[in-house]
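K.L.:
Before I ask anything, let me first share the structure, which is written out below as structure tokens.
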Amino acid sequence: MVRSPIPTRSSDIAQDRGSIGVATRRAAIAAMLAATQPGWLTACSRSNPLRIAGHPWPGYEPLFYAKSQGLLPAGLDLQEMPTVTASINALKEGRTDGAMLTLDEALVLQARGMALEVVLVFDASKGADVLLARKELQGLEQLRGKIIGLEPSTLGELMLAMILEKAGLSRADVTTRYIAFEEQEAAWAGSQLDALITYEPVASRLAGSARQMLTTRQMPDIIFDVLAIKTDAAHSHAEILRQTLKAHFQTLEQLRRNPWDTAYRMAPHLGIPAEELINSLRGLELLDLVANRSYLARKDGHMVDVARRLSVIMQAAGALSAPAQVETLFNDAYLPGDAS
């Protein structure tokens with residue numbers, strides 16, 4: 001679902017009400033203020049906006065909700081994509097400057113030569129990513145010889161590798177079938193699969209016909225959703241980025257203070273009932289400004305340790321050919337001074 005364009009701030013020049021002098025003075029004042037305002041208010045930033053791509057996902061919804069509330073800066077172009085793959089392709093092809101994606105995807109892009117900075121951690125998966133199985137399957141070891149569906153993405157491959165390790169199985173012991181996220185419910189209903197690696201809201205929708213075998217509650221501190229921006233774009237749009245992150249934390253605080261009311265307002269964008277959104281959010285730890293400062297700190301930041309561990313797992317799974325360069329990936333410089 002695509003919402004209306006980002007609201008822009010109106011001019012401060014008065015309409016002609018028979019007082020040309022007042023209008024002229026207001027125009028002069030507006031011009032002087034514009035000269036002293038941060039870059040995100042200038043005509044240059046509007047003609048060359050910071051472009052950020054994202055797809056429907058509960059953890060990203062506070063930023064999309066900020067758009068609907070008119071809280072985003074005029075120099076931001078928030079691009080709505082159908083899937084994370086579409087966001088990543090836009091990043092690769094130069095059609096966007098940043099993307100909402102998982103940390104593992106950011107590591108792969110960096111390994112392929114893209115200069116990126118992770119400037120925000122949206123959430124940590126604490127049950128939102130799951131392995132579902134037919135109810136007759138009682139344990140992970142029974143996946144041997146079965147058909148496992150997964151999204152064709154780095155995240156899908158990472159989840160599969162961790163599941164097989166826990167099951168004591170190899171890739172040769174199972175049959176994998178790649179299924180786009182938007183097609184997973186139909187594939188499950190059609191009995192094409194014995195197990196499915198998926199995430200919310202599909203996980204909740206299939207709960208009645210599947211057994212939840214494993215979730216990221218049993219694999220903590222592995223799956224994180226982040227905002228990754230191309231380094232040159234982050235530097236050239238620093239104030240726009242800072243104001244964008246501030247808007248995100250403002251709506252996140254609204255969700256924390258009034259979860260049901262805010263969820264009812266957010267849910268239509270995701271195309272799900274508010275109850276389903278609330279249920280999906282129970283599997284995520286949404287990280288506030290204080291947590292982001294701790295995670296993204298250049299010295300002793302938690303994300304550096306997380307990324308190192310993830311890099312080892314991804315190398316073992318064949319997703320990375322060498323250790324990730326995690327020391328230069330995270331940047332807390334764009335976090336706002338406060339979220340109010």
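Residue numbers start at 1 in each chain; chains themselves are named A, B, ... in the order of the structure tokens; ligands are numbered from 1 in the order shown.
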Apply DSSP to the backbone of this structure and, from range 88-278 of chain A, keep only the residues in strand (DSSP E); write these as a ChimeraX atom specification.

P.N.:
/A:98-102,116-125,129-133,147-150,175-178,195-199,211-215,224-230

K.L.:
Just N, CA and C atoms for this one: save the residues we selected as a compact mmCIF listing (two decimals), in the first residue's frame.

P.N.:
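Final file, part-v6.txt:
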```txt
# COMPACT_ATOMS: atom_id res chain seq x y z
N GLY A 98 19.78 4.52 0.75
CA GLY A 98 19.81 3.70 1.96
C GLY A 98 18.66 2.72 1.95
N ALA A 99 18.75 1.72 2.83
CA ALA A 99 17.70 0.70 2.84
C ALA A 99 17.51 0.16 4.25
N MET A 100 16.27 -0.23 4.52
CA MET A 100 15.94 -0.95 5.74
C MET A 100 16.09 -2.43 5.43
N LEU A 101 17.00 -3.08 6.15
CA LEU A 101 17.29 -4.48 5.87
C LEU A 101 17.87 -5.14 7.12
N THR A 102 18.19 -6.41 7.01
CA THR A 102 18.78 -7.10 8.15
C THR A 102 20.30 -6.92 8.14
N LEU A 116 29.07 1.49 3.17
CA LEU A 116 27.83 1.67 3.93
C LEU A 116 28.12 2.06 5.37
N GLU A 117 27.14 2.70 5.98
CA GLU A 117 27.16 2.94 7.42
C GLU A 117 25.81 2.53 7.99
N VAL A 118 25.83 1.73 9.03
CA VAL A 118 24.60 1.40 9.75
C VAL A 118 24.38 2.51 10.77
N VAL A 119 23.28 3.26 10.61
CA VAL A 119 23.06 4.45 11.42
C VAL A 119 21.90 4.29 12.40
N LEU A 120 21.18 3.18 12.30
CA LEU A 120 20.04 2.93 13.18
C LEU A 120 19.80 1.44 13.28
N VAL A 121 19.51 0.97 14.50
CA VAL A 121 19.08 -0.41 14.71
C VAL A 121 17.60 -0.36 15.06
N PHE A 122 16.77 -0.84 14.15
CA PHE A 122 15.32 -0.82 14.37
C PHE A 122 14.91 -1.79 15.47
N ASP A 123 15.37 -3.03 15.36
CA ASP A 123 14.88 -4.05 16.27
C ASP A 123 15.80 -5.25 16.30
N ALA A 124 15.64 -6.05 17.34
CA ALA A 124 16.28 -7.35 17.45
C ALA A 124 15.17 -8.40 17.43
N SER A 125 15.35 -9.43 16.62
CA SER A 125 14.33 -10.48 16.52
C SER A 125 14.40 -11.38 17.75
N ASP A 129 11.22 -14.30 13.77
CA ASP A 129 11.68 -15.17 12.68
C ASP A 129 11.59 -16.62 13.18
N VAL A 130 10.96 -17.48 12.38
CA VAL A 130 10.61 -18.80 12.89
C VAL A 130 10.82 -19.90 11.85
N LEU A 131 10.91 -21.12 12.37
CA LEU A 131 10.80 -22.32 11.55
C LEU A 131 9.48 -22.98 11.89
N LEU A 132 8.59 -23.06 10.91
CA LEU A 132 7.32 -23.76 11.07
C LEU A 132 7.42 -25.14 10.43
N ALA A 133 6.69 -26.10 10.98
CA ALA A 133 6.70 -27.45 10.43
C ALA A 133 5.30 -28.05 10.52
N ILE A 147 11.12 -31.35 2.76
CA ILE A 147 11.19 -30.15 1.92
C ILE A 147 11.02 -28.92 2.80
N ILE A 148 12.03 -28.05 2.79
CA ILE A 148 12.01 -26.83 3.60
C ILE A 148 11.91 -25.63 2.66
N GLY A 149 10.90 -24.81 2.87
CA GLY A 149 10.76 -23.60 2.09
C GLY A 149 11.45 -22.43 2.77
N LEU A 150 12.02 -21.53 1.99
CA LEU A 150 12.67 -20.34 2.53
C LEU A 150 12.68 -19.24 1.48
N THR A 175 15.72 -31.10 1.28
CA THR A 175 15.45 -30.45 0.00
C THR A 175 14.97 -29.03 0.27
N THR A 176 15.57 -28.07 -0.37
CA THR A 176 15.16 -26.68 -0.16
C THR A 176 14.37 -26.18 -1.35
N ARG A 177 13.41 -25.32 -1.08
CA ARG A 177 12.61 -24.73 -2.14
C ARG A 177 12.49 -23.23 -1.85
N TYR A 178 12.95 -22.41 -2.79
CA TYR A 178 12.90 -20.97 -2.61
C TYR A 178 11.51 -20.45 -2.96
N ALA A 195 8.23 -27.96 5.92
CA ALA A 195 8.65 -26.94 6.89
C ALA A 195 8.87 -25.63 6.14
N LEU A 196 8.83 -24.54 6.88
CA LEU A 196 8.94 -23.23 6.25
C LEU A 196 9.68 -22.28 7.18
N ILE A 197 10.72 -21.64 6.65
CA ILE A 197 11.41 -20.58 7.36
C ILE A 197 10.75 -19.26 6.97
N THR A 198 10.17 -18.57 7.94
CA THR A 198 9.42 -17.36 7.62
C THR A 198 9.50 -16.38 8.78
N TYR A 199 8.69 -15.34 8.71
CA TYR A 199 8.68 -14.33 9.76
C TYR A 199 7.31 -13.66 9.77
N ARG A 211 3.34 -26.33 13.38
CA ARG A 211 4.03 -26.39 14.67
C ARG A 211 5.23 -25.44 14.61
N GLN A 212 5.37 -24.61 15.63
CA GLN A 212 6.52 -23.70 15.70
C GLN A 212 7.70 -24.47 16.28
N MET A 213 8.62 -24.86 15.43
CA MET A 213 9.74 -25.71 15.85
C MET A 213 10.88 -24.93 16.48
N LEU A 214 11.15 -23.75 15.94
CA LEU A 214 12.30 -22.99 16.41
C LEU A 214 12.05 -21.52 16.09
N THR A 215 12.46 -20.64 16.98
CA THR A 215 12.35 -19.20 16.73
C THR A 215 13.66 -18.53 17.13
N PHE A 224 19.07 -8.81 13.34
CA PHE A 224 18.77 -7.41 13.65
C PHE A 224 18.32 -6.71 12.37
N ASP A 225 17.32 -5.84 12.50
CA ASP A 225 16.92 -4.98 11.39
C ASP A 225 17.57 -3.63 11.56
N VAL A 226 18.19 -3.13 10.51
CA VAL A 226 18.97 -1.91 10.60
C VAL A 226 18.65 -0.99 9.42
N LEU A 227 19.08 0.25 9.56
CA LEU A 227 19.04 1.21 8.46
C LEU A 227 20.48 1.43 8.01
N ALA A 228 20.78 1.04 6.77
CA ALA A 228 22.12 1.19 6.21
C ALA A 228 22.07 2.25 5.12
N ILE A 229 22.97 3.22 5.21
CA ILE A 229 23.03 4.34 4.26
C ILE A 229 24.39 4.34 3.58
N LYS A 230 24.42 4.61 2.29
CA LYS A 230 25.69 4.77 1.60
C LYS A 230 26.47 5.90 2.27
```

K.L.:
Give me, as a PyMOL selection string, all polymer residues having an atom no more than 10 Å from Thr244 in chain A, counting only C-alpha atoms and skipping those fewer than 3 positions away in the same chain.

P.N.:
chain A and resi 50+63+66-67+71-76+78+238-241+247-250+334-336

K.L.:
A:Met303, A:Ile278, A:Val312, A:Val326: which is nearest Ala291 in chain A, counting only C-alpha atoms?

P.N.:
A:Met303

K.L.:
Identify, with DSSP run on backbone atoms, the residues in range 27-157 of chain A assigned to helix (DSSP H, G or I), and express the list as number ranges by chain.

P.N.:
A: 27-36, 39-41, 43-47, 58-68, 84-92, 103-111, 140-143, 154-157

K.L.:
So that I can see what lies close to Arg309 in chain A, please list as a PyMOL selection string the residues with an atom at most 10 Å from it, counting only C-alpha atoms and leaving out residues fewer than 5 positions away in the same chain.

P.N.:
chain A and resi 221-222+303-304+314+323-324

K.L.:
Just the selected residues (N, CA and C atoms), exported as a PDB file, in the first residue's frame, please.

P.N.:
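Saved file selection-v6.pdb follows:
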```
ATOM      1  N   ASP A 221      20.326 -12.411  19.576  1.00  0.00           N
ATOM      2  CA  ASP A 221      21.447 -11.554  19.147  1.00  0.00           C
ATOM      3  C   ASP A 221      22.049 -11.992  17.821  1.00  0.00           C
ATOM      4  N   ILE A 222      21.186 -12.418  16.893  1.00  0.00           N
ATOM      5  CA  ILE A 222      21.654 -12.825  15.565  1.00  0.00           C
ATOM      6  C   ILE A 222      20.966 -12.001  14.475  1.00  0.00           C
ATOM      7  N   MET A 303      27.018  -3.619  18.701  1.00  0.00           N
ATOM      8  CA  MET A 303      26.831  -4.148  17.355  1.00  0.00           C
ATOM      9  C   MET A 303      28.126  -4.670  16.744  1.00  0.00           C
ATOM     10  N   VAL A 304      29.254  -4.146  17.142  1.00  0.00           N
ATOM     11  CA  VAL A 304      30.528  -4.649  16.619  1.00  0.00           C
ATOM     12  C   VAL A 304      30.706  -6.109  17.023  1.00  0.00           C
ATOM     13  N   MET A 314      28.128 -16.613   9.095  1.00  0.00           N
ATOM     14  CA  MET A 314      27.901 -16.435   7.661  1.00  0.00           C
ATOM     15  C   MET A 314      29.040 -17.036   6.840  1.00  0.00           C
ATOM     16  N   PRO A 323      36.136 -12.549   6.682  1.00  0.00           N
ATOM     17  CA  PRO A 323      35.528 -11.837   7.805  1.00  0.00           C
ATOM     18  C   PRO A 323      35.053 -10.442   7.404  1.00  0.00           C
ATOM     19  N   ALA A 324      33.913 -10.040   7.933  1.00  0.00           N
ATOM     20  CA  ALA A 324      33.367  -8.713   7.642  1.00  0.00           C
ATOM     21  C   ALA A 324      34.215  -7.639   8.298  1.00  0.00           C
TER      22      ALA A 324
END
```

K.L.:
Using only C-alpha atoms, which of the listed residues (A:Thr85, A:Gln110, A:Thr96, A:Gln192) sits closest to Glu151 in chain A?

P.N.:
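Once distances to Glu151 in chain A are computed over only C-alpha atoms, the minimum belongs to A:Thr85.
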
K.L.:
Would you list the contacts of Gly127 in chain A as JSON, numbers by chain, taking every protein, DNA or RNA residue within 6 Å and counting only C-alpha atoms, but skipping same-chain residues closer than 3 positions in sequence?

P.N.:
{"A": [215, 216, 217, 283]}

K.L.:
Using only C-alpha atoms for the distances, tell me which of A:Ala186, A:Leu329, A:Ala172, A:Ala233 is nearest to Gly301 in chain A.

P.N.:
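Of the candidates, the smallest distance to Gly301 in chain A is held by A:Leu329.
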
K.L.:
Of the candidates A:Ala187, A:Leu320, A:Ile163, A:Ala53, which one gets nearest to Arg112 in chain A if we count only C-alpha atoms?

P.N.:
A:Leu320

K.L.:
Of the residues A:Asp300, A:Ala90, A:Leu164, A:Glu157, which is the one nearest to Leu140 in chain A, using only C-alpha atoms?

P.N.:
A:Leu164

K.L.:
Here is a test: counting only C-alpha atoms, which residue of A:His302, A:Ser321, A:Asn331, A:Lys135 is nearest to Gly208 in chain A?

P.N.:
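So, comparing all the options, the nearest one is A:Lys135.
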
K.L.:
So what do you get for CA of Glu327 in chain A versus CA of Tyr295 in chain A, distance-wise?

P.N.:
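These two atoms are separated by 12.8 Å.
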
K.L.:
Pick out the residues sitting within 9 Å of Tyr264 in chain A, and hand them over as a ChimeraX atom specification; count only C-alpha atoms, and ignore anything fewer than 2 positions along from it in its own chain.

P.N.:
/A:259-262,266-268,273-275,277
